[in-house]
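Containing CSV, C-alpha atoms and all ligand atoms: input_29.csv.
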```csv
chain,number,residue,atom,x,y,z
A,1,MET,CA,1.0,15.3,-27.9
A,2,GLU,CA,-1.0,13.7,-30.7
A,3,ARG,CA,-3.3,12.2,-28.1
A,4,GLY,CA,-3.6,15.6,-26.4
A,5,HIS,CA,-4.5,17.4,-29.6
A,6,ALA,CA,-6.8,14.6,-30.8
A,7,PHE,CA,-8.8,14.6,-27.6
A,8,GLY,CA,-8.2,18.1,-26.3
A,9,LEU,CA,-7.8,20.3,-29.4
A,10,ALA,CA,-4.7,22.1,-30.6
A,11,PRO,CA,-3.9,25.2,-28.4
A,12,ALA,CA,-4.9,28.8,-29.1
A,13,ASP,CA,-2.9,30.6,-31.7
A,14,SER,CA,-1.1,32.7,-29.1
A,15,ILE,CA,0.5,29.6,-27.4
A,16,ARG,CA,4.0,29.3,-28.7
A,17,ASP,CA,4.6,25.8,-27.2
A,18,ARG,CA,2.6,23.8,-29.7
A,19,THR,CA,2.7,20.6,-27.5
A,20,ILE,CA,0.1,22.2,-25.3
A,21,SER,CA,-3.6,21.4,-25.9
A,22,THR,CA,-6.7,23.5,-25.2
A,23,PHE,CA,-8.1,21.0,-22.7
A,24,SER,CA,-5.6,19.6,-20.3
A,25,ARG,CA,-4.9,16.0,-21.3
A,26,GLY,CA,-2.1,14.1,-19.6
A,27,GLU,CA,0.3,15.3,-16.9
A,28,LEU,CA,0.4,19.0,-17.4
A,29,PRO,CA,-0.3,21.4,-15.9
A,30,HIS,CA,0.0,19.6,-12.5
A,31,PHE,CA,-2.8,21.6,-10.9
A,32,ALA,CA,-5.3,20.7,-13.6
A,33,GLY,CA,-7.1,17.6,-14.5
A,34,ILE,CA,-9.0,14.7,-12.9
A,35,ASN,CA,-6.9,13.1,-10.1
A,36,THR,CA,-6.0,9.5,-10.5
A,37,PHE,CA,-2.8,8.3,-8.9
A,38,LEU,CA,0.1,10.0,-10.7
A,39,LYS,CA,-2.4,10.9,-13.5
A,40,ALA,CA,-2.4,7.3,-14.5
A,41,PRO,CA,-5.2,6.2,-16.8
A,42,TYR,CA,-8.4,5.5,-15.0
A,43,LEU,CA,-9.5,1.9,-15.7
A,44,GLU,CA,-13.2,1.8,-15.5
A,45,ASP,CA,-13.5,-1.9,-16.7
A,46,VAL,CA,-11.7,-3.9,-14.1
A,47,HIS,CA,-11.8,-6.9,-16.4
A,48,GLN,CA,-8.9,-5.2,-18.3
A,49,VAL,CA,-6.7,-4.8,-15.2
A,50,GLY,CA,-4.4,-7.7,-16.2
A,51,GLY,CA,-3.1,-5.8,-19.1
A,52,HIS,CA,-1.1,-3.5,-16.7
A,53,ASP,CA,2.1,-4.0,-14.7
A,54,VAL,CA,0.7,-2.2,-11.7
A,55,ALA,CA,-2.9,-1.4,-10.6
A,56,VAL,CA,-3.5,1.2,-7.9
A,57,LEU,CA,-6.8,0.7,-6.0
A,58,GLY,CA,-8.3,2.8,-3.3
A,59,VAL,CA,-9.9,1.4,-0.2
A,60,PRO,CA,-11.8,4.3,1.4
A,61,HIS,CA,-12.7,2.5,4.6
A,62,ASP,CA,-12.4,4.0,8.1
A,63,SER,CA,-15.0,2.1,10.1
A,64,GLY,CA,-12.1,0.2,11.7
A,65,ALA,CA,-10.7,3.4,13.3
A,66,THR,CA,-10.8,3.3,17.1
A,67,TYR,CA,-10.1,7.0,17.6
A,68,ARG,CA,-9.7,9.6,14.8
A,69,PRO,CA,-11.5,8.6,11.6
A,70,GLY,CA,-11.1,10.2,8.2
A,71,THR,CA,-9.1,7.6,6.3
A,72,ARG,CA,-12.1,7.0,4.0
A,73,PHE,CA,-10.8,10.2,2.3
A,74,GLY,CA,-7.2,8.8,2.2
A,75,PRO,CA,-7.3,7.5,-1.4
A,76,GLN,CA,-8.6,10.8,-2.8
A,77,GLY,CA,-6.2,12.8,-0.6
A,78,ILE,CA,-3.2,10.7,-1.9
A,79,ARG,CA,-4.4,10.9,-5.5
A,80,GLN,CA,-4.7,14.7,-5.2
A,81,MET,CA,-1.2,15.1,-3.7
A,82,SER,CA,0.3,12.7,-6.2
A,83,ALA,CA,-0.4,15.3,-8.9
A,84,LEU,CA,2.7,17.1,-7.5
A,85,TYR,CA,4.9,14.3,-8.8
A,86,THR,CA,6.4,13.6,-12.2
A,87,PRO,CA,7.0,9.9,-13.1
A,88,TYR,CA,10.8,10.5,-13.2
A,89,ASN,CA,13.2,10.1,-10.3
A,90,TYR,CA,16.5,11.8,-10.8
A,91,GLU,CA,18.5,9.8,-8.1
A,92,MET,CA,17.3,6.4,-9.2
A,93,GLY,CA,17.1,7.1,-12.9
A,94,VAL,CA,13.7,5.6,-13.2
A,95,ASP,CA,10.8,6.9,-15.3
A,96,LEU,CA,7.7,5.0,-14.2
A,97,ARG,CA,5.7,6.1,-17.2
A,98,GLU,CA,8.3,4.8,-19.6
A,99,GLN,CA,9.2,1.6,-17.7
A,100,ILE,CA,5.9,0.2,-16.5
A,101,THR,CA,2.2,0.4,-17.4
A,102,LEU,CA,0.3,1.8,-14.5
A,103,CYS,CA,-3.5,2.1,-14.1
A,104,ASP,CA,-5.8,3.4,-11.4
A,105,VAL,CA,-8.8,1.1,-11.0
A,106,GLY,CA,-10.6,3.6,-8.6
A,107,ASP,CA,-12.0,2.5,-5.3
A,108,ILE,CA,-13.5,-0.5,-3.7
A,109,PHE,CA,-17.2,0.0,-2.8
A,110,THR,CA,-16.9,-0.2,0.9
A,111,ILE,CA,-19.8,-0.2,3.3
A,112,PRO,CA,-19.3,2.4,6.0
A,113,GLY,CA,-21.6,0.7,8.6
A,114,SER,CA,-19.9,-2.7,8.4
A,115,ASN,CA,-16.3,-3.7,8.7
A,116,GLU,CA,-17.2,-7.3,7.8
A,117,LYS,CA,-19.1,-6.5,4.6
A,118,SER,CA,-16.4,-4.1,3.6
A,119,PHE,CA,-13.7,-6.8,4.3
A,120,ASP,CA,-15.6,-9.1,1.9
A,121,GLN,CA,-15.7,-6.4,-0.8
A,122,ILE,CA,-12.0,-5.6,-0.3
A,123,SER,CA,-10.9,-9.3,-0.4
A,124,LYS,CA,-12.9,-9.9,-3.5
A,125,GLY,CA,-11.5,-6.8,-5.3
A,126,MET,CA,-7.9,-7.6,-4.2
A,127,ALA,CA,-8.2,-11.2,-5.3
A,128,HIS,CA,-9.4,-10.0,-8.7
A,129,VAL,CA,-6.5,-7.6,-9.2
A,130,PHE,CA,-3.9,-10.0,-7.8
A,131,ALA,CA,-5.1,-13.0,-9.9
A,132,SER,CA,-5.0,-10.8,-13.0
A,133,GLY,CA,-1.2,-10.6,-12.7
A,134,ALA,CA,-1.1,-6.8,-12.2
A,135,PHE,CA,0.9,-5.8,-9.1
A,136,PRO,CA,-1.6,-4.4,-6.6
A,137,ILE,CA,-0.9,-1.2,-4.8
A,138,VAL,CA,-3.6,-0.3,-2.2
A,139,LEU,CA,-4.3,3.2,-0.9
A,140,GLY,CA,-6.0,3.0,2.4
A,141,GLY,CA,-8.1,3.3,4.4
A,142,ASP,CA,-7.5,2.4,8.0
A,143,HIS,CA,-5.3,-0.5,8.9
A,144,SER,CA,-8.2,-2.9,9.4
A,145,ILE,CA,-7.9,-3.4,5.6
A,146,GLY,CA,-4.6,-5.3,6.1
A,147,PHE,CA,-6.5,-8.5,6.8
A,148,PRO,CA,-8.9,-8.5,3.9
A,149,THR,CA,-6.3,-7.3,1.4
A,150,LEU,CA,-4.0,-10.1,2.3
A,151,ARG,CA,-6.9,-12.6,2.4
A,152,GLY,CA,-7.6,-11.6,-1.2
A,153,ILE,CA,-3.9,-12.5,-2.1
A,154,CYS,CA,-4.0,-15.7,-0.1
A,155,ARG,CA,-7.0,-16.8,-2.2
A,156,HIS,CA,-4.8,-17.1,-5.2
A,157,LEU,CA,-1.5,-18.4,-3.6
A,158,GLY,CA,-2.3,-22.1,-4.0
A,159,HIS,CA,0.1,-24.0,-1.7
A,160,HIS,CA,2.5,-21.0,-1.6
A,161,LYS,CA,3.2,-18.9,1.5
A,162,VAL,CA,3.5,-15.2,2.1
A,163,GLY,CA,5.5,-13.2,4.6
A,164,ILE,CA,4.5,-9.8,5.9
A,165,ILE,CA,6.7,-6.8,6.4
A,166,HIS,CA,4.7,-4.3,8.4
A,167,PHE,CA,5.9,-0.8,9.0
A,168,ASP,CA,4.0,0.7,12.0
A,169,ARG,CA,4.2,2.3,15.4
A,170,HIS,CA,1.5,-0.2,16.6
A,171,VAL,CA,1.5,-4.0,16.6
A,172,ASP,CA,-2.0,-4.4,15.3
A,173,THR,CA,-2.2,-8.0,16.5
A,174,GLN,CA,-5.1,-8.2,18.9
A,175,GLU,CA,-8.1,-10.3,18.1
A,176,THR,CA,-10.8,-7.7,18.6
A,177,ASP,CA,-11.0,-4.1,19.8
A,178,LEU,CA,-14.2,-2.4,20.9
A,179,ASP,CA,-15.8,-5.9,20.2
A,180,GLU,CA,-15.0,-5.8,16.5
A,181,ARG,CA,-12.1,-6.5,14.1
A,182,MET,CA,-10.8,-2.9,14.0
A,183,HIS,CA,-7.6,-1.3,12.7
A,184,THR,CA,-5.7,-2.7,15.7
A,185,CYS,CA,-6.4,-6.3,14.6
A,186,PRO,CA,-5.4,-7.1,11.0
A,187,TRP,CA,-2.4,-9.3,11.7
A,188,PHE,CA,-4.2,-11.5,14.3
A,189,HIS,CA,-6.6,-12.6,11.6
A,190,ALA,CA,-4.1,-12.5,8.7
A,191,THR,CA,-1.7,-14.9,10.5
A,192,ASN,CA,-4.6,-17.2,11.2
A,193,MET,CA,-4.5,-18.1,7.5
A,194,ALA,CA,-2.3,-21.0,6.7
A,195,HIS,CA,-0.7,-19.0,3.9
A,196,ALA,CA,0.6,-16.3,6.2
A,197,PRO,CA,2.5,-17.8,9.1
A,198,ALA,CA,3.0,-15.5,12.1
A,199,ARG,CA,6.7,-16.4,12.2
A,200,ASN,CA,7.1,-14.6,8.9
A,201,LEU,CA,5.4,-11.4,10.2
A,202,VAL,CA,8.0,-8.7,10.7
A,203,GLN,CA,7.0,-5.5,12.4
A,204,LEU,CA,9.2,-2.4,12.0
A,205,GLY,CA,9.0,0.8,14.0
A,206,ILE,CA,6.9,-0.3,16.9
A,207,GLY,CA,7.0,1.7,20.1
A,208,GLY,CA,5.6,4.6,22.2
A,209,TRP,CA,2.5,4.7,24.3
A,210,GLN,CA,-0.1,3.3,22.0
A,211,VAL,CA,0.9,-0.3,21.8
A,212,PRO,CA,-1.9,-2.3,23.4
A,213,ARG,CA,-1.0,-5.1,25.8
A,214,PRO,CA,-3.4,-7.6,24.3
A,215,GLY,CA,-1.6,-7.2,21.0
A,216,VAL,CA,1.8,-7.5,22.6
A,217,LYS,CA,0.6,-10.8,24.2
A,218,VAL,CA,-0.3,-12.2,20.8
A,219,CYS,CA,3.0,-11.1,19.3
A,220,ARG,CA,4.8,-13.1,22.1
A,221,GLU,CA,2.5,-16.1,21.8
A,222,ARG,CA,2.9,-16.3,18.0
A,223,ASN,CA,6.6,-15.3,17.9
A,224,THR,CA,6.3,-12.4,15.5
A,225,ASN,CA,9.4,-10.4,14.8
A,226,VAL,CA,9.2,-6.9,16.3
A,227,LEU,CA,11.8,-4.2,15.9
A,228,THR,CA,11.2,-0.9,17.7
A,229,VAL,CA,12.5,2.4,16.4
A,230,THR,CA,15.2,2.2,19.0
A,231,ASP,CA,16.2,-1.3,17.8
A,232,ILE,CA,16.3,0.0,14.2
A,233,THR,CA,18.4,3.0,15.0
A,234,GLU,CA,20.8,1.1,17.2
A,235,MET,CA,21.4,-1.8,14.9
A,236,GLY,CA,21.4,0.4,11.8
A,237,LEU,CA,19.1,0.4,8.8
A,238,GLU,CA,21.0,-2.2,6.8
A,239,ALA,CA,21.0,-4.7,9.7
A,240,ALA,CA,17.3,-4.0,10.4
A,241,ALA,CA,16.4,-4.5,6.8
A,242,ARG,CA,18.5,-7.7,6.6
A,243,PHE,CA,16.6,-9.0,9.7
A,244,ALA,CA,13.3,-8.2,8.1
A,245,VAL,CA,14.1,-9.8,4.8
A,246,GLU,CA,15.5,-12.9,6.4
A,247,ARG,CA,12.5,-13.5,8.7
A,248,ALA,CA,9.8,-12.6,6.1
A,249,SER,CA,11.3,-14.7,3.4
A,250,ASP,CA,12.2,-17.8,5.5
A,251,GLY,CA,10.1,-20.5,4.0
A,252,THR,CA,7.8,-18.2,2.1
A,253,ASP,CA,7.5,-17.5,-1.7
A,254,CYS,CA,6.7,-13.8,-1.6
A,255,VAL,CA,6.2,-10.9,0.8
A,256,TYR,CA,3.4,-8.5,1.3
A,257,VAL,CA,4.4,-5.0,2.4
A,258,SER,CA,2.0,-3.1,4.6
A,259,PHE,CA,3.1,0.5,5.3
A,260,ASP,CA,1.3,2.4,8.0
A,261,ILE,CA,2.2,6.0,7.5
A,262,ASP,CA,2.2,6.5,11.3
A,263,CYS,CA,5.5,4.5,11.5
A,264,ILE,CA,7.0,7.9,10.7
A,265,ASP,CA,7.3,10.6,13.4
A,266,ALA,CA,4.0,12.4,14.1
A,267,GLY,CA,5.7,15.7,13.2
A,268,PHE,CA,5.9,14.6,9.6
A,269,VAL,CA,2.5,12.8,9.4
A,270,PRO,CA,-0.1,14.6,11.4
A,271,GLY,CA,-2.9,13.4,9.2
A,272,THR,CA,-3.3,10.0,10.7
A,273,GLY,CA,-5.5,8.2,13.1
A,274,TRP,CA,-3.1,7.6,16.0
A,275,PRO,CA,-0.1,9.9,15.6
A,276,GLU,CA,2.8,9.0,17.8
A,277,PRO,CA,6.0,11.1,18.3
A,278,GLY,CA,9.4,9.4,18.2
A,279,GLY,CA,8.9,7.4,15.0
A,280,LEU,CA,11.1,6.9,12.1
A,281,LEU,CA,12.5,9.9,10.2
A,282,PRO,CA,11.1,10.0,6.6
A,283,ARG,CA,14.6,9.3,5.2
A,284,GLU,CA,15.0,6.3,7.5
A,285,ALA,CA,11.6,4.9,6.6
A,286,LEU,CA,12.3,5.4,2.9
A,287,LYS,CA,15.7,3.8,3.1
A,288,LEU,CA,14.3,0.8,5.0
A,289,LEU,CA,11.6,0.5,2.3
A,290,GLU,CA,14.3,0.5,-0.3
A,291,LEU,CA,16.4,-2.1,1.4
A,292,VAL,CA,13.3,-4.3,1.9
A,293,VAL,CA,11.7,-4.0,-1.5
A,294,ARG,CA,14.9,-4.5,-3.5
A,295,ASN,CA,15.7,-7.7,-1.6
A,296,VAL,CA,12.5,-9.6,-1.3
A,297,THR,CA,9.9,-10.9,-3.8
A,298,VAL,CA,7.1,-8.5,-3.2
A,299,CYS,CA,3.5,-9.6,-4.1
A,300,GLY,CA,1.7,-6.4,-3.1
A,301,LEU,CA,1.9,-3.1,-1.2
A,302,GLU,CA,-0.6,-1.1,0.8
A,303,VAL,CA,-0.2,2.3,2.4
A,304,VAL,CA,-2.7,3.0,5.1
A,305,GLU,CA,-3.9,5.4,7.8
A,306,VAL,CA,-3.7,8.7,5.8
A,307,SER,CA,-6.5,10.8,7.2
A,308,PRO,CA,-6.9,14.0,5.1
A,309,PRO,CA,-9.3,15.7,7.6
A,310,TYR,CA,-6.4,15.8,10.1
A,311,ASP,CA,-3.7,16.5,7.6
A,312,VAL,CA,-1.8,19.8,7.3
A,313,SER,CA,-1.0,21.0,3.8
A,314,GLY,CA,-1.4,17.5,2.5
A,315,ILE,CA,2.0,16.5,3.9
A,316,THR,CA,0.8,13.1,5.1
A,317,ALA,CA,-0.7,12.3,1.8
A,318,LEU,CA,2.5,13.5,0.1
A,319,MET,CA,4.5,11.1,2.3
A,320,ALA,CA,2.2,8.2,1.2
A,321,THR,CA,2.7,9.2,-2.5
A,322,ARG,CA,6.4,9.1,-1.9
A,323,VAL,CA,6.2,5.6,-0.4
A,324,VAL,CA,4.2,4.3,-3.3
A,325,CYS,CA,6.4,5.9,-6.0
A,326,ASP,CA,9.6,4.9,-4.3
A,327,ALA,CA,8.4,1.3,-4.0
A,328,MET,CA,7.5,1.1,-7.6
A,329,ALA,CA,11.0,2.4,-8.6
A,330,HIS,CA,12.6,-0.2,-6.3
A,331,LEU,CA,10.5,-2.9,-8.0
A,332,VAL,CA,11.8,-1.7,-11.4
A,333,ILE,CA,15.4,-1.5,-10.2
A,334,SER,CA,15.3,-5.0,-8.7
A,335,GLY,CA,13.8,-6.4,-11.9
A,336,GLN,CA,10.4,-7.3,-10.4
A,337,LEU,CA,8.6,-4.9,-12.7
A,338,PRO,CA,7.7,-4.9,-15.4
A,339,ARG,CA,6.7,-8.5,-14.9
A,340,GLN,CA,8.5,-11.1,-17.0
A,341,GLY,CA,5.6,-13.4,-17.2
A,342,ARG,CA,3.3,-14.5,-14.4
A,343,PRO,CA,5.0,-15.3,-11.1
A,344,SER,CA,4.6,-18.9,-10.2
A,345,TRP,CA,3.0,-18.1,-6.8
A,346,ILE,CA,0.0,-16.5,-8.5
A,347,GLN,CA,-2.6,-19.2,-9.0
A,348,GLU,CA,-5.7,-18.7,-11.2
A,349,ALA,CA,-7.7,-21.2,-9.1
A,350,CYS,CA,-9.2,-20.0,-5.8
A,351,ALA,CA,-8.0,-21.7,-2.6
A,352,MET,CA,-11.5,-22.3,-1.3
A,353,ASP,CA,-10.3,-22.7,2.3
A,354,VAL,CA,-9.7,-19.0,2.4
A,355,GLY,CA,-13.1,-17.5,3.0
A,356,GLN,CA,-16.2,-19.0,1.4
A,357,ALA,CA,-18.6,-16.1,1.7
A,358,TRP,CA,-17.2,-13.4,-0.6
A,359,ARG,CA,-17.2,-15.2,-3.9
B,1,MN,MN,-0.4,2.4,13.2
```

Please re-express this file's structure in structure tokens.
Amino acid sequence: MERGHAFGLAPADSIRDRTISTFSRGELPHFAGINTFLKAPYLEDVHQVGGHDVAVLGVPHDSGATYRPGTRFGPQGIRQMSALYTPYNYEMGVDLREQITLCDVGDIFTIPGSNEKSFDQISKGMAHVFASGAFPIVLGGDHSIGFPTLRGICRHLGHHKVGIIHFDRHVDTQETDLDERMHTCPWFHATNMAHAPARNLVQLGIGGWQVPRPGVKVCRERNTNVLTVTDITEMGLEAAARFAVERASDGTDCVYVSFDIDCIDAGFVPGTGWPEPGGLLPREALKLLELVVRNVTVCGLEVVEVSPPYDVSGITALMATRVVCDAMAHLVISGQLPRQGRPSWIQEACAMDVGQAWR
């Protein structure tokens, strides 16, 4: 309140609730204000990012979309819908504002005409946030960004290894699509990096009529771990999560979670590039996320493929908000946040074998 009054003036005399300010400063009212994620402070100077437990960064890139674009508006769409949320979750007893320091560092400057230049920008930004010690949460963007985000992390892993838990209807493992590294391709290139072995890639929710055969071939050649929606529902969420945790953690030091919003049934997430019916129910996806995040050492999270131009009432962006907020709460409950010192797998020094060009 002091801050609200200092920066936004005390309210008009007729206002009985004297905690209100004249200019909206802080959370209330939810419909007012400048949208950062969850109304977190906007951090203009990215050199200061290491002073926070969590940094949200937008990656407004959709040049990797092979059909419906629009995910360049994903970060703004998610931020806008996140204004609907308070930092408090009744069921989990977590208050994110009280328990962690969160900032929004804004967006990466992506280059719409070039996936490769955008990838270099994304990797450089991700490496900066990751090396600072702040937990990175990425708002996509199409799924092509999965490769450069993880490449940024690998730059600072030293000799450590990272597993990937990938929620999606699509395998996203082919080398190229339409002659470029598109959103169907991130895990082919990510698992080419020595830090991210393909045997630790777990793919949850795969299925339907949009899984390209070139990608399936790569999954088989590299022995990735695929669970379809049918697998998950038949074995049960607990067993599916246990499988994911075991495979992703086996021989690795941390796990990157890549959540494609289209892993959820198209009826709940129409605002996405390749909607596919028959996906996970929201509560199934959220429960899987809980069982995963609480039981592995997570080094970063991305939520991708929210396309506001195709969205209805912002429900897809709202689902992404929910995924991000739930994940943060699970990180708090499992003791991963706030960070108790710097995790040993974050190395200040760059591993120079991971990309030379984007220094
Ligand atoms: Mn997908």

Who sits within 12 Å of Gly278 of chain A, only C-alpha atoms, same chain under 6 positions skipped, as a ChimeraX atom specification
/A:168-169,205-210,228-230,233,262-269

Residues from last step as file, C-alpha atoms, as a compact mmCIF listing (two decimals), in the frame of the given file:
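Writing the result to part_7.txt gives the following:
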```txt
# COMPACT_ATOMS: atom_id res chain seq x y z
CA ASP A 168 4.00 0.70 12.00
CA ARG A 169 4.20 2.30 15.40
CA GLY A 205 9.00 0.80 14.00
CA ILE A 206 6.90 -0.30 16.90
CA GLY A 207 7.00 1.70 20.10
CA GLY A 208 5.60 4.60 22.20
CA TRP A 209 2.50 4.70 24.30
CA GLN A 210 -0.10 3.30 22.00
CA THR A 228 11.20 -0.90 17.70
CA VAL A 229 12.50 2.40 16.40
CA THR A 230 15.20 2.20 19.00
CA THR A 233 18.40 3.00 15.00
CA ASP A 262 2.20 6.50 11.30
CA CYS A 263 5.50 4.50 11.50
CA ILE A 264 7.00 7.90 10.70
CA ASP A 265 7.30 10.60 13.40
CA ALA A 266 4.00 12.40 14.10
CA GLY A 267 5.70 15.70 13.20
CA PHE A 268 5.90 14.60 9.60
CA VAL A 269 2.50 12.80 9.40
```

inquiry  = Which residues are near ligand MN 1 (chain B) - at most 9 Å, using only C-alpha atoms and all ligand atoms? Format: as a count of residues only.
reply    = 24

Quiz item: Which neighbours of Asp231 of chain A fall inside 12 Å, counting all atoms listed in the file, when residues of the same chain fewer than 6 positions from it are skipped, and could you give them as a ChimeraX atom specification?
Solution: /A:203-207,225,237,239-241,243,279-280

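Taking atom CA of Met92 of chain A as the reference point, atom CA of Leu38 of chain A is found at 17.6 Å.
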
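Relative to atom CA of Val332 of chain A, atom CA of Leu288 of chain A is found at 16.8 Å.
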
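Coordinates place atom CA of Cys185 of chain A at a distance of 18.3 Å from atom CA of Gly70 of chain A.
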
Neighbours of His128 of chain A within 10 Å (all atoms listed in the file; same-chain residues fewer than 5 positions away dropped), as a PDB file with C-alpha atoms, in the coordinates of the input?
```pdb
ATOM      1  CA  VAL A  46     -11.700  -3.900 -14.100  1.00  0.00           C
ATOM      2  CA  HIS A  47     -11.800  -6.900 -16.400  1.00  0.00           C
ATOM      3  CA  VAL A  49      -6.700  -4.800 -15.200  1.00  0.00           C
ATOM      4  CA  GLY A  50      -4.400  -7.700 -16.200  1.00  0.00           C
ATOM      5  CA  ILE A 122     -12.000  -5.600  -0.300  1.00  0.00           C
ATOM      6  CA  SER A 123     -10.900  -9.300  -0.400  1.00  0.00           C
ATOM      7  CA  GLY A 133      -1.200 -10.600 -12.700  1.00  0.00           C
ATOM      8  CA  ALA A 134      -1.100  -6.800 -12.200  1.00  0.00           C
ATOM      9  CA  PRO A 136      -1.600  -4.400  -6.600  1.00  0.00           C
ATOM     10  CA  GLY A 152      -7.600 -11.600  -1.200  1.00  0.00           C
ATOM     11  CA  ILE A 153      -3.900 -12.500  -2.100  1.00  0.00           C
ATOM     12  CA  ARG A 155      -7.000 -16.800  -2.200  1.00  0.00           C
ATOM     13  CA  HIS A 156      -4.800 -17.100  -5.200  1.00  0.00           C
ATOM     14  CA  GLU A 348      -5.700 -18.700 -11.200  1.00  0.00           C
TER      15      GLU A 348
END
```

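Checking A:Arg222, A:Arg213, A:His330, A:Arg72 one by one against Leu286 of chain A, counting all atoms listed in the file, you find the shortest gap at A:His330.
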
### Long-range neighbours of Gly58 of chain A as a ChimeraX atom specification, 6 Å cut-off, only C-alpha atoms, 5 positions minimum in chain
/A:75,106-107,138-139

Residue contacts of Gln340 of chain A (12 Å, all atoms listed in the file) excluding same-chain residues fewer than 3 positions away, as a list in words:
Asp53, Ile100, Gly133, Ala134, Val332, Gly335, Gln336, Leu337, Pro343 and Ser344 of chain A

Name the closest residue to Ile232 of chain A among the candidates A:Lys287, A:Arg3, A:Arg68, A:His189; distances are taken between atoms, counting only C-alpha atoms.
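Among the listed residues, the smallest separation from Ile232 of chain A belongs to A:Lys287.
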
Could I see segment 304-319 of chain A restored to N, CA and C atoms, set down as a PDB file, in the frame of the given file?
```pdb
ATOM      1  N   VAL A 304      -1.425   2.752   4.367  1.00  0.00           N
ATOM      2  CA  VAL A 304      -2.700   3.000   5.100  1.00  0.00           C
ATOM      3  C   VAL A 304      -2.556   4.092   6.124  1.00  0.00           C
ATOM      4  N   GLU A 305      -3.722   4.473   6.634  1.00  0.00           N
ATOM      5  CA  GLU A 305      -3.900   5.400   7.800  1.00  0.00           C
ATOM      6  C   GLU A 305      -3.598   6.869   7.420  1.00  0.00           C
ATOM      7  N   VAL A 306      -3.723   7.238   6.145  1.00  0.00           N
ATOM      8  CA  VAL A 306      -3.700   8.700   5.800  1.00  0.00           C
ATOM      9  C   VAL A 306      -5.086   9.233   5.978  1.00  0.00           C
ATOM     10  N   SER A 307      -5.195  10.234   6.837  1.00  0.00           N
ATOM     11  CA  SER A 307      -6.500  10.800   7.200  1.00  0.00           C
ATOM     12  C   SER A 307      -6.508  12.306   6.806  1.00  0.00           C
ATOM     13  N   PRO A 308      -6.929  12.626   5.583  1.00  0.00           N
ATOM     14  CA  PRO A 308      -6.900  14.000   5.100  1.00  0.00           C
ATOM     15  C   PRO A 308      -7.555  15.045   6.038  1.00  0.00           C
ATOM     16  N   PRO A 309      -8.680  14.716   6.723  1.00  0.00           N
ATOM     17  CA  PRO A 309      -9.300  15.700   7.600  1.00  0.00           C
ATOM     18  C   PRO A 309      -8.324  16.218   8.707  1.00  0.00           C
ATOM     19  N   TYR A 310      -7.374  15.391   9.099  1.00  0.00           N
ATOM     20  CA  TYR A 310      -6.400  15.800  10.100  1.00  0.00           C
ATOM     21  C   TYR A 310      -5.066  16.202   9.534  1.00  0.00           C
ATOM     22  N   ASP A 311      -4.981  16.207   8.206  1.00  0.00           N
ATOM     23  CA  ASP A 311      -3.700  16.500   7.600  1.00  0.00           C
ATOM     24  C   ASP A 311      -3.434  18.003   7.554  1.00  0.00           C
ATOM     25  N   VAL A 312      -2.178  18.356   7.376  1.00  0.00           N
ATOM     26  CA  VAL A 312      -1.800  19.800   7.300  1.00  0.00           C
ATOM     27  C   VAL A 312      -1.049  19.914   5.944  1.00  0.00           C
ATOM     28  N   SER A 313      -1.593  20.761   5.094  1.00  0.00           N
ATOM     29  CA  SER A 313      -1.000  21.000   3.800  1.00  0.00           C
ATOM     30  C   SER A 313      -0.770  19.754   2.952  1.00  0.00           C
ATOM     31  N   GLY A 314      -1.507  18.723   3.256  1.00  0.00           N
ATOM     32  CA  GLY A 314      -1.400  17.500   2.500  1.00  0.00           C
ATOM     33  C   GLY A 314      -0.078  16.746   2.677  1.00  0.00           C
ATOM     34  N   ILE A 315       0.660  17.061   3.751  1.00  0.00           N
ATOM     35  CA  ILE A 315       2.000  16.500   3.900  1.00  0.00           C
ATOM     36  C   ILE A 315       1.953  14.965   4.167  1.00  0.00           C
ATOM     37  N   THR A 316       0.925  14.522   4.860  1.00  0.00           N
ATOM     38  CA  THR A 316       0.800  13.100   5.100  1.00  0.00           C
ATOM     39  C   THR A 316       0.506  12.328   3.850  1.00  0.00           C
ATOM     40  N   ALA A 317      -0.416  12.887   3.067  1.00  0.00           N
ATOM     41  CA  ALA A 317      -0.700  12.300   1.800  1.00  0.00           C
ATOM     42  C   ALA A 317       0.465  12.306   0.844  1.00  0.00           C
ATOM     43  N   LEU A 318       1.247  13.358   0.940  1.00  0.00           N
ATOM     44  CA  LEU A 318       2.500  13.500   0.100  1.00  0.00           C
ATOM     45  C   LEU A 318       3.456  12.361   0.492  1.00  0.00           C
ATOM     46  N   MET A 319       3.579  12.119   1.799  1.00  0.00           N
ATOM     47  CA  MET A 319       4.500  11.100   2.300  1.00  0.00           C
ATOM     48  C   MET A 319       4.022   9.706   1.712  1.00  0.00           C
TER      49      MET A 319
END
```
